[in-house]
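Written below as structure tokens is the structure these notes are about.
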Amino acid sequence: MLEEDMEVAIKVVVVGNGAVGKSSMIQRYCKGIFTKDYKKTIGVDFLERQIQVNGEDVRLMLWDTAGQEEFDAITKAYYRGENTIESFKAIPTWKEKVVTEVGDIPTVLVQNKIDLLDDSCIKNEEAEALAKKLKVRFYRASVKEDLNVSEVFKYLADKYLQKL
Ligand code: GDP
């Protein structure tokens, strides 16, 4: 059991190809806003938010991985407008990279921008099958419409606390 007044701080890394919405997701969750391009003005390494999970105070520090050395090889592939298929194909590599660099930490797979869903998008079953193969929980989200964003981080915090 944790002391009542103790706060748990959890570092969360958000990885994925460029333009999938990582920074937007962090911004949405920590500041409650959505913009088309805020990146130029963010100017900090991480944003944080405090929540309560099962009565515990938890401070989540959300790191955007762009520019972090250990993720450089993949972020070099970054460019705006990169297509959905490319970012989907890169997921197993991202997962591997996380395990290698950080270890076997609680992980989720998020399909963002579901407000833009059309026929060119990865099918739900395909995304779910990948999540199952990678043994991670799968969420469909829209940072723009604030759909499932807080659920993702709550789940991760909960998983983390269970491991303590
Ligand atoms: P990052 O490179 O992964 O950090 O991606 P960004 O956060 O910079 O987002 C790339 C673009 O996608 C920006 O123009 C965002 O406004 C947009 N975007 C992010 N999330 C969503 C979403 O859920 N729906 C829509 N329609 N656009 C989004």
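Labeling convention for the structure tokens: chains A, B, ... as they appear, residues from 1 per chain, ligands from 1 in order of appearance.
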
- Query: Using only C-alpha atoms and all ligand atoms, which protein or nucleic acid residues are at most 7 Å from ligand 1, as a VMD selection string?
  - Reply: chain A and resid 16 to 25 34 to 37 39 112 to 116 141 to 145

- Query: Hey, which of A:Lys89, A:Thr107, A:Trp63, A:Asn83 ends up closest to A:Asp158? Count only C-alpha atoms.
  - Reply: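 For A:Asp158, the nearest of the candidates is A:Thr107.
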
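All residues of protein, DNA or RNA that reach within 12 Å of A:Glu126, judged by only C-alpha atoms and not counting those fewer than 4 positions away in the chain, are Ile85, Phe88, Lys89, Gln111, Cys121, Ile122, Leu130, Ala131, Lys132, Lys133 and Phe138 of chain A.
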
- Message: Restricting the calculation to only C-alpha atoms: of A:Val13, A:Leu147, A:Val152, A:Val8, which residue gets closest to A:Trp94?
- Response: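 Checking each of A:Val13, A:Leu147, A:Val152, A:Val8 against A:Trp94, counting only C-alpha atoms, the winner is A:Val13.
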
- Message: Neighbouring residues of stretch 50-60 of chain A were defined as those with any atom within 12 Å, considering only C-alpha atoms; residues of the same chain fewer than 4 positions away were excluded. Please report them as an MDAnalysis selection string.
- Response: chainID A and resid 1:13 26 29:31 46 150:162

Hey, can you spit out that residue selection with C-alpha atoms as a PDB file, in the first residue's frame?
```
ATOM      1  CA  MET A   1       0.000   0.000   0.000  1.00  0.00           C
ATOM      2  CA  LEU A   2       1.162   3.511  -0.775  1.00  0.00           C
ATOM      3  CA  GLU A   3       1.166   6.280   1.820  1.00  0.00           C
ATOM      4  CA  GLU A   4      -1.957   8.404   1.558  1.00  0.00           C
ATOM      5  CA  ASP A   5      -0.179  11.658   0.804  1.00  0.00           C
ATOM      6  CA  MET A   6       2.384  10.182  -1.546  1.00  0.00           C
ATOM      7  CA  GLU A   7       2.244  11.130  -5.176  1.00  0.00           C
ATOM      8  CA  VAL A   8       3.391   8.737  -7.855  1.00  0.00           C
ATOM      9  CA  ALA A   9       5.160  10.320 -10.833  1.00  0.00           C
ATOM     10  CA  ILE A  10       5.006   8.413 -14.080  1.00  0.00           C
ATOM     11  CA  LYS A  11       6.934   9.204 -17.220  1.00  0.00           C
ATOM     12  CA  VAL A  12       5.012   8.429 -20.391  1.00  0.00           C
ATOM     13  CA  VAL A  13       6.637   8.355 -23.815  1.00  0.00           C
ATOM     14  CA  ILE A  26      -0.064  15.518 -25.258  1.00  0.00           C
ATOM     15  CA  TYR A  29      -4.501  15.902 -22.471  1.00  0.00           C
ATOM     16  CA  CYS A  30      -2.408  18.395 -20.531  1.00  0.00           C
ATOM     17  CA  LYS A  31      -3.808  21.689 -21.735  1.00  0.00           C
ATOM     18  CA  PHE A  46       7.260  17.456 -21.675  1.00  0.00           C
ATOM     19  CA  SER A 150      -7.907  10.605 -21.193  1.00  0.00           C
ATOM     20  CA  GLU A 151      -8.891   6.917 -21.264  1.00  0.00           C
ATOM     21  CA  VAL A 152      -5.526   6.019 -22.802  1.00  0.00           C
ATOM     22  CA  PHE A 153      -3.538   7.736 -20.061  1.00  0.00           C
ATOM     23  CA  LYS A 154      -5.789   6.530 -17.274  1.00  0.00           C
ATOM     24  CA  TYR A 155      -5.298   2.966 -18.486  1.00  0.00           C
ATOM     25  CA  LEU A 156      -1.517   3.375 -18.568  1.00  0.00           C
ATOM     26  CA  ALA A 157      -1.425   4.915 -15.091  1.00  0.00           C
ATOM     27  CA  ASP A 158      -3.612   2.122 -13.769  1.00  0.00           C
ATOM     28  CA  LYS A 159      -1.407  -0.566 -15.330  1.00  0.00           C
ATOM     29  CA  TYR A 160       1.668   1.089 -13.898  1.00  0.00           C
ATOM     30  CA  LEU A 161       0.225   1.249 -10.392  1.00  0.00           C
ATOM     31  CA  GLN A 162      -0.707  -2.420 -10.556  1.00  0.00           C
TER      32      GLN A 162
END
```

- If you measure from atom CA of A:Asn148 to atom CA of A:Val108, what distance in Å do you get, rounded to one decimal? 12.1 Å

- Message: Using DSSP assignments from the backbone, pull out every residue in stretch 4-156 of chain A that falls under strand (DSSP E or B) and give it to me as a ChimeraX atom specification.
- Response: /A:7-14,46-53,56-64,108-111,137-140,142,147

- Using only C-alpha atoms: which of A:Val15, A:Asp64, A:Ser120, A:Lys163 has the shortest distance to A:Lys95: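 Ranked by minimum distance to A:Lys95, first place goes to A:Val15.
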